[in-house]
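For reference, my_file10.cif (mmCIF, C-alpha atoms):
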```cif
data_entry
loop_
_atom_site.label_atom_id
_atom_site.label_comp_id
_atom_site.auth_asym_id
_atom_site.auth_seq_id
_atom_site.Cartn_x
_atom_site.Cartn_y
_atom_site.Cartn_z
CA LEU A 1264 -35.81 13.54 3.95
CA ILE A 1265 -34.09 15.77 6.49
CA HIS A 1266 -34.02 12.96 9.08
CA LYS A 1267 -31.89 10.92 6.66
CA LEU A 1268 -29.20 13.60 6.31
CA GLN A 1269 -26.43 14.16 8.82
CA ILE A 1270 -23.88 16.89 8.16
CA ILE A 1271 -20.55 16.44 9.95
CA HIS A 1272 -18.17 19.40 9.91
CA GLY A 1273 -14.50 18.72 10.51
CA ASP A 1274 -11.18 17.33 9.28
CA ALA A 1275 -11.81 14.09 7.36
CA ILE A 1276 -8.39 12.74 8.35
CA LYS A 1277 -8.92 13.34 12.08
CA LEU A 1278 -12.62 12.53 12.41
CA LYS A 1279 -13.88 9.05 13.14
CA PHE A 1280 -16.13 8.05 10.24
CA PRO A 1281 -19.65 6.82 11.03
CA PHE A 1282 -21.10 3.77 9.28
CA PHE A 1283 -21.43 4.31 5.54
CA ASP A 1284 -22.03 2.14 2.50
CA VAL A 1285 -20.92 4.38 -0.36
CA CYS A 1286 -18.48 7.29 -0.49
CA VAL A 1287 -18.54 9.90 -3.28
CA ALA A 1288 -16.05 12.74 -3.01
CA ASN A 1289 -13.96 15.32 -4.81
CA VAL A 1290 -10.90 14.80 -2.64
CA PRO A 1291 -8.61 17.70 -1.64
CA TYR A 1292 -5.57 16.54 -3.55
CA GLN A 1293 -3.10 17.08 -0.71
CA ILE A 1294 -4.85 14.40 1.40
CA SER A 1295 -5.39 11.84 -1.38
CA SER A 1296 -3.15 9.12 0.05
CA PRO A 1297 -4.04 9.37 3.77
CA LEU A 1298 -7.76 9.58 2.96
CA THR A 1299 -7.61 6.57 0.62
CA PHE A 1300 -5.98 4.35 3.23
CA LYS A 1301 -8.20 5.68 6.03
CA LEU A 1302 -11.20 4.60 3.95
CA LEU A 1303 -9.66 1.19 3.27
CA SER A 1304 -9.00 0.63 6.98
CA HIS A 1305 -12.57 1.58 7.93
CA ARG A 1306 -14.72 -1.13 9.50
CA PRO A 1307 -17.25 -2.36 8.72
CA LEU A 1308 -16.21 -2.40 5.08
CA PHE A 1309 -18.09 -0.06 2.78
CA ARG A 1310 -19.43 -1.18 -0.60
CA CYS A 1311 -17.55 1.22 -2.86
CA ALA A 1312 -16.07 4.69 -3.16
CA VAL A 1313 -16.06 6.92 -6.25
CA LEU A 1314 -13.39 9.57 -5.78
CA MET A 1315 -11.84 12.30 -7.89
CA PHE A 1316 -8.08 12.64 -7.58
CA GLN A 1317 -5.29 14.50 -9.30
CA ARG A 1318 -4.59 12.57 -12.53
CA GLU A 1319 -1.03 11.59 -11.58
CA PHE A 1320 -2.16 10.12 -8.24
CA ALA A 1321 -5.06 8.30 -9.87
CA MET A 1322 -2.83 6.71 -12.50
CA ARG A 1323 -0.36 5.53 -9.85
CA LEU A 1324 -3.26 4.11 -7.87
CA VAL A 1325 -4.40 1.91 -10.79
CA ALA A 1326 -0.96 1.14 -12.29
CA LYS A 1327 -0.13 -2.54 -12.87
CA THR A 1328 3.13 -4.48 -12.62
CA GLY A 1329 5.60 -3.28 -15.26
CA ASP A 1330 3.90 0.10 -15.72
CA PRO A 1331 6.37 3.00 -15.21
CA LEU A 1332 3.97 4.42 -12.59
CA PHE A 1333 3.70 1.13 -10.64
CA CYS A 1334 4.79 1.85 -7.07
CA ARG A 1335 4.18 1.19 -3.39
CA LEU A 1336 0.87 3.09 -3.63
CA SER A 1337 -0.35 0.84 -6.47
CA LEU A 1338 0.59 -2.35 -4.66
CA ASN A 1339 -0.87 -1.39 -1.30
CA ALA A 1340 -4.15 -0.08 -2.69
CA GLN A 1341 -4.66 -3.08 -4.97
CA LEU A 1342 -3.92 -5.51 -2.13
CA LEU A 1343 -6.85 -4.06 -0.19
CA ALA A 1344 -9.24 -3.16 -3.00
CA LYS A 1345 -10.26 -3.48 -6.62
CA VAL A 1346 -9.32 -0.13 -8.15
CA ASP A 1347 -10.60 1.06 -11.53
CA HIS A 1348 -10.04 4.24 -13.51
CA MET A 1349 -13.49 5.49 -14.55
CA MET A 1350 -12.92 8.72 -16.47
CA LYS A 1351 -10.63 11.67 -17.05
CA VAL A 1352 -11.77 15.12 -15.97
CA SER A 1353 -10.23 18.08 -17.78
CA ARG A 1354 -9.10 21.06 -15.75
CA ASN A 1355 -11.25 23.12 -18.13
CA SER A 1356 -14.30 21.56 -16.47
CA PHE A 1357 -13.69 23.86 -13.50
CA ARG A 1358 -13.92 27.63 -13.06
CA PRO A 1359 -11.33 28.86 -12.46
CA PRO A 1360 -9.38 25.94 -13.98
CA PRO A 1361 -6.77 24.35 -11.65
CA LYS A 1362 -3.20 23.73 -12.77
CA VAL A 1363 -3.63 19.93 -12.88
CA GLU A 1364 -5.81 17.38 -14.67
CA SER A 1365 -8.08 15.05 -12.68
CA SER A 1366 -9.49 11.52 -12.86
CA VAL A 1367 -12.37 9.65 -11.26
CA VAL A 1368 -11.51 6.31 -9.64
CA ARG A 1369 -13.77 3.59 -8.25
CA ILE A 1370 -12.50 1.72 -5.19
CA GLU A 1371 -14.17 -1.50 -4.03
CA PRO A 1372 -12.67 -3.02 -0.85
CA ARG A 1373 -11.85 -6.72 -1.03
CA ASN A 1374 -14.30 -8.60 1.13
CA PRO A 1375 -13.10 -10.50 3.02
CA PRO A 1376 -9.83 -8.55 3.37
CA PRO A 1377 -6.65 -10.42 2.41
CA PRO A 1378 -5.27 -12.57 5.26
CA VAL A 1379 -2.04 -10.63 5.60
CA ASN A 1380 -0.55 -8.42 8.31
CA PHE A 1381 -0.68 -5.04 6.55
CA ILE A 1382 2.01 -3.49 8.76
CA GLU A 1383 4.45 -6.26 7.79
CA TRP A 1384 3.32 -6.11 4.17
CA ASP A 1385 3.87 -2.36 3.96
CA GLY A 1386 7.24 -2.65 5.71
CA LEU A 1387 8.42 -5.12 3.06
CA VAL A 1388 6.97 -3.13 0.15
CA ARG A 1389 8.48 0.13 1.44
CA LEU A 1390 11.95 -1.46 1.50
CA CYS A 1391 11.54 -3.02 -1.94
CA PHE A 1392 10.35 0.20 -3.55
CA SER A 1393 13.06 2.35 -1.97
CA ARG A 1394 14.98 1.41 -5.15
CA LYS A 1395 12.32 -0.18 -7.32
CA ASN A 1396 14.59 -0.72 -10.34
CA LYS A 1397 17.36 -2.33 -8.30
CA THR A 1398 17.45 -6.10 -7.82
CA LEU A 1399 16.10 -7.42 -4.54
CA GLY A 1400 19.49 -8.99 -3.89
CA GLY A 1401 21.07 -5.54 -4.17
CA ILE A 1402 18.46 -3.92 -1.92
CA PHE A 1403 18.65 -6.52 0.85
CA ARG A 1404 22.44 -6.73 0.78
CA ASN A 1405 22.59 -3.12 2.00
CA LYS A 1406 24.04 -2.86 5.53
CA ASN A 1407 21.32 -0.48 6.74
CA VAL A 1408 18.61 -2.89 5.57
CA LEU A 1409 20.34 -5.85 7.27
CA ASP A 1410 20.72 -3.84 10.48
CA LEU A 1411 17.01 -2.98 10.34
CA LEU A 1412 16.04 -6.64 9.90
CA GLN A 1413 18.23 -7.62 12.85
CA LYS A 1414 16.55 -4.97 14.99
CA ASN A 1415 13.10 -6.14 13.82
CA TYR A 1416 14.04 -9.71 14.74
CA ASP A 1417 15.12 -8.66 18.24
CA VAL A 1418 11.91 -6.66 18.81
CA TYR A 1419 9.69 -9.44 17.43
CA CYS A 1420 11.26 -11.99 19.76
CA ALA A 1421 10.87 -9.69 22.77
CA LEU A 1422 7.23 -8.81 22.05
CA ASN A 1423 6.13 -12.34 21.20
CA SER A 1424 8.04 -14.29 23.88
CA VAL A 1425 10.03 -16.07 21.19
CA GLU A 1426 13.40 -17.50 22.14
CA LYS A 1427 16.04 -15.27 20.60
CA LYS A 1428 18.70 -17.13 18.66
CA SER A 1429 21.97 -16.03 17.16
CA ILE A 1430 21.19 -15.68 13.45
CA ASP A 1431 23.13 -14.60 10.39
CA VAL A 1432 20.61 -12.15 8.93
CA LYS A 1433 22.43 -11.70 5.64
CA GLN A 1434 22.67 -15.44 5.07
CA LEU A 1435 18.97 -15.91 5.93
CA VAL A 1436 17.93 -13.08 3.61
CA MET A 1437 19.99 -14.30 0.65
CA LYS A 1438 18.79 -17.89 1.11
CA THR A 1439 15.17 -16.71 1.19
CA LEU A 1440 15.62 -14.68 -1.99
CA GLU A 1441 17.31 -17.61 -3.72
CA ASP A 1442 14.67 -20.11 -2.57
CA THR A 1443 11.91 -17.88 -3.97
CA ASN A 1444 13.86 -17.22 -7.19
CA LEU A 1445 13.53 -13.48 -6.60
CA LYS A 1446 17.13 -12.49 -5.87
CA GLU A 1447 17.74 -11.06 -9.35
CA LYS A 1448 14.21 -9.66 -9.77
CA ARG A 1449 13.25 -5.99 -9.54
CA SER A 1450 10.33 -4.68 -7.50
CA ALA A 1451 8.82 -2.83 -10.45
CA LYS A 1452 8.42 -6.15 -12.28
CA LEU A 1453 6.99 -8.21 -9.40
CA SER A 1454 3.32 -9.10 -9.02
CA GLN A 1455 1.20 -8.94 -5.88
CA ASP A 1456 1.48 -12.74 -5.61
CA ASP A 1457 5.29 -12.46 -5.77
CA PHE A 1458 5.30 -10.07 -2.81
CA LEU A 1459 2.88 -12.25 -0.84
CA MET A 1460 5.11 -15.26 -1.44
CA LEU A 1461 8.20 -13.27 -0.42
CA LEU A 1462 6.62 -12.00 2.79
CA GLU A 1463 5.51 -15.51 3.75
CA ALA A 1464 9.01 -16.84 3.03
CA PHE A 1465 10.70 -14.13 5.11
CA ASN A 1466 8.28 -14.70 8.01
CA SER A 1467 8.87 -18.46 7.84
CA ALA A 1468 12.60 -17.76 8.12
CA GLY A 1469 11.95 -15.65 11.22
CA LEU A 1470 12.40 -12.26 9.53
CA HIS A 1471 9.80 -9.54 10.02
CA PHE A 1472 8.99 -6.04 8.84
CA LYS A 1473 7.34 -2.97 10.27
#
```

Encoded form (structure tokens):
Amino acid sequence: LIHKLQIIHGDAIKLKFPFFDVCVANVPYQISSPLTFKLLSHRPLFRCAVLMFQREFAMRLVAKTGDPLFCRLSLNAQLLAKVDHMMKVSRNSFRPPPKVESSVVRIEPRNPPPPVNFIEWDGLVRLCFSRKNKTLGGIFRNKNVLDLLQKNYDVYCALNSVEKKSIDVKQLVMKTLEDTNLKEKRSAKLSQDDFLMLLEAFNSAGLHFK
């Protein structure tokens, strides 16, 4: 079977992955997030990954809307994949025992991937979860956020040969939030479909994220 085994020595974050169908790994906990999203961006899509993470990271990865642990990580991972908690692994299973508990998670990429620009999606989600228990109206009324959206608009127009118009960003943002009935909602209570609807509404209004 030696001809079927290839050992690659190196940094998993820096190396280009070869084709693979299944990934099984006890992940170094300090690279949990970058490795997860590197796997999910890999093409062609793999069939599934079974990974062991620190318990806290694993529970945030699988958290659902309304869960206290629901966060940007949960939303981004679950947009790109079906994520399931498989089992808990006690620290006493190891010698010497580490200071943290662990969990095994199964990740199955969505195939085909969702038809959404992930950079824009993550830009929106990052803003919304900067204060996840604050209303969206409160978050997007912030001057720094409005300035960022104006800058994004200017850059988008320049890069896409779109005629730049004089716009009232605050008025556009508030109208979009009102039209989607999300102005008084909080990020921690919104579903994936709510965020998809919000991103589409912002894009339709000419507002973009990165």

Could I get the residues of segment 1298-1417 of chain A with an atom no further than 7 Å from an atom of segment 1448-1454 of chain A, each paired with its nearest atom pair and that distance in Å to one decimal, using all atoms listed in the file, sorted by chain and residue number, as JSON lines?
```
{"residue": "A:Thr1328", "atom": "CA", "partner": "A:Lys1452", "partner_atom": "CA", "distance": 5.6}
{"residue": "A:Gly1329", "atom": "CA", "partner": "A:Lys1452", "partner_atom": "CA", "distance": 5.0}
{"residue": "A:Phe1333", "atom": "CA", "partner": "A:Ala1451", "partner_atom": "CA", "distance": 6.5}
{"residue": "A:Cys1391", "atom": "CA", "partner": "A:Ser1450", "partner_atom": "CA", "distance": 5.9}
{"residue": "A:Phe1392", "atom": "CA", "partner": "A:Ser1450", "partner_atom": "CA", "distance": 6.3}
{"residue": "A:Lys1395", "atom": "CA", "partner": "A:Ser1450", "partner_atom": "CA", "distance": 4.9}
{"residue": "A:Asn1396", "atom": "CA", "partner": "A:Arg1449", "partner_atom": "CA", "distance": 5.5}
{"residue": "A:Lys1397", "atom": "CA", "partner": "A:Arg1449", "partner_atom": "CA", "distance": 5.6}
{"residue": "A:Thr1398", "atom": "CA", "partner": "A:Arg1449", "partner_atom": "CA", "distance": 4.5}
{"residue": "A:Leu1399", "atom": "CA", "partner": "A:Arg1449", "partner_atom": "CA", "distance": 5.9}
```

Requested in this report: Could you tell me which residues the PyMOL selection byres ((chain A and resi 1390) around 10) grabs in this file, written as an MDAnalysis selection string?
Outcome: chainID A and resid 1335 1385:1389 1391:1395 1399 1402:1403 1408 1450 1472

**Report entry** Neighbours of point (-13.8, 15.7, -15.3) within 12 Å, using only C-alpha atoms, written as a PyMOL selection string
**Finding:** chain A and resi 1289+1314-1318+1349-1357+1360-1361+1363-1368

Convert the current residue selection to file output with C-alpha atoms, as a PDB file, in the frame of the given file.
```pdb
ATOM      1  CA  ASN A1289     -13.960  15.320  -4.810  1.00  0.00           C
ATOM      2  CA  LEU A1314     -13.390   9.570  -5.780  1.00  0.00           C
ATOM      3  CA  MET A1315     -11.840  12.300  -7.890  1.00  0.00           C
ATOM      4  CA  PHE A1316      -8.080  12.640  -7.580  1.00  0.00           C
ATOM      5  CA  GLN A1317      -5.290  14.500  -9.300  1.00  0.00           C
ATOM      6  CA  ARG A1318      -4.590  12.570 -12.530  1.00  0.00           C
ATOM      7  CA  MET A1349     -13.490   5.490 -14.550  1.00  0.00           C
ATOM      8  CA  MET A1350     -12.920   8.720 -16.470  1.00  0.00           C
ATOM      9  CA  LYS A1351     -10.630  11.670 -17.050  1.00  0.00           C
ATOM     10  CA  VAL A1352     -11.770  15.120 -15.970  1.00  0.00           C
ATOM     11  CA  SER A1353     -10.230  18.080 -17.780  1.00  0.00           C
ATOM     12  CA  ARG A1354      -9.100  21.060 -15.750  1.00  0.00           C
ATOM     13  CA  ASN A1355     -11.250  23.120 -18.130  1.00  0.00           C
ATOM     14  CA  SER A1356     -14.300  21.560 -16.470  1.00  0.00           C
ATOM     15  CA  PHE A1357     -13.690  23.860 -13.500  1.00  0.00           C
ATOM     16  CA  PRO A1360      -9.380  25.940 -13.980  1.00  0.00           C
ATOM     17  CA  PRO A1361      -6.770  24.350 -11.650  1.00  0.00           C
ATOM     18  CA  VAL A1363      -3.630  19.930 -12.880  1.00  0.00           C
ATOM     19  CA  GLU A1364      -5.810  17.380 -14.670  1.00  0.00           C
ATOM     20  CA  SER A1365      -8.080  15.050 -12.680  1.00  0.00           C
ATOM     21  CA  SER A1366      -9.490  11.520 -12.860  1.00  0.00           C
ATOM     22  CA  VAL A1367     -12.370   9.650 -11.260  1.00  0.00           C
ATOM     23  CA  VAL A1368     -11.510   6.310  -9.640  1.00  0.00           C
TER      24      VAL A1368
END
```

Take the PyMOL selection byres ((chain A and resi 1280) around 12), run it mentally on this structure, and tell me the resulting residues as a PDB file with C-alpha atoms, in the frame of the given file.
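result.pdb was written with the following content:
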```
ATOM      1  CA  ILE A1270     -23.880  16.890   8.160  1.00  0.00           C
ATOM      2  CA  ILE A1271     -20.550  16.440   9.950  1.00  0.00           C
ATOM      3  CA  HIS A1272     -18.170  19.400   9.910  1.00  0.00           C
ATOM      4  CA  GLY A1273     -14.500  18.720  10.510  1.00  0.00           C
ATOM      5  CA  ASP A1274     -11.180  17.330   9.280  1.00  0.00           C
ATOM      6  CA  ALA A1275     -11.810  14.090   7.360  1.00  0.00           C
ATOM      7  CA  ILE A1276      -8.390  12.740   8.350  1.00  0.00           C
ATOM      8  CA  LYS A1277      -8.920  13.340  12.080  1.00  0.00           C
ATOM      9  CA  LEU A1278     -12.620  12.530  12.410  1.00  0.00           C
ATOM     10  CA  LYS A1279     -13.880   9.050  13.140  1.00  0.00           C
ATOM     11  CA  PRO A1281     -19.650   6.820  11.030  1.00  0.00           C
ATOM     12  CA  PHE A1282     -21.100   3.770   9.280  1.00  0.00           C
ATOM     13  CA  PHE A1283     -21.430   4.310   5.540  1.00  0.00           C
ATOM     14  CA  ASP A1284     -22.030   2.140   2.500  1.00  0.00           C
ATOM     15  CA  CYS A1286     -18.480   7.290  -0.490  1.00  0.00           C
ATOM     16  CA  LEU A1298      -7.760   9.580   2.960  1.00  0.00           C
ATOM     17  CA  LYS A1301      -8.200   5.680   6.030  1.00  0.00           C
ATOM     18  CA  LEU A1302     -11.200   4.600   3.950  1.00  0.00           C
ATOM     19  CA  LEU A1303      -9.660   1.190   3.270  1.00  0.00           C
ATOM     20  CA  SER A1304      -9.000   0.630   6.980  1.00  0.00           C
ATOM     21  CA  HIS A1305     -12.570   1.580   7.930  1.00  0.00           C
ATOM     22  CA  ARG A1306     -14.720  -1.130   9.500  1.00  0.00           C
ATOM     23  CA  PRO A1307     -17.250  -2.360   8.720  1.00  0.00           C
ATOM     24  CA  LEU A1308     -16.210  -2.400   5.080  1.00  0.00           C
ATOM     25  CA  PHE A1309     -18.090  -0.060   2.780  1.00  0.00           C
TER      26      PHE A1309
END
```

**Report entry** Surrounding residues of Lys1414 of chain A excluding itself and chain neighbours under 6 positions, 12 Å, only C-alpha atoms, as a ChimeraX atom specification
**Finding:** /A:1407-1408,1420-1421,1427,1430,1432,1470-1473

Requested in this report: Please evaluate the PyMOL selection byres ((chain A and resi 1464) around 12) against the structure above and give the resulting residues as a PyMOL selection string.
Outcome: chain A and resi 1387+1435-1445+1457-1463+1465-1471

Grab all the atoms of segment 1441-1450 of chain A that the file lists, wrap them in a box along x, y and z, add 4 Å per side, and give me centre plus edge lengths in Å (one decimal) as JSON.
```
{"center_x": 14.0, "center_y": -12.4, "center_z": -6.2, "size_x": 15.4, "size_y": 23.4, "size_z": 15.2}
```

**Report entry** Best match for closeness to Lys1428 of chain A among A:Gln1413, A:Asn1374, A:Gln1293, A:Ser1337, counting all atoms listed in the file
**Finding:** A:Gln1413

Report task. Mind checking which residues fall within 7 Å of Ile1370 of chain A, counting all atoms listed in the file, ignoring those fewer than 4 positions away in the same chain, and posting them as a count of residues only? Result -> 7

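Atom pair atom CA of Pro1297 of chain A / atom CA of Leu1409 of chain A: separated by 29.0 Å.
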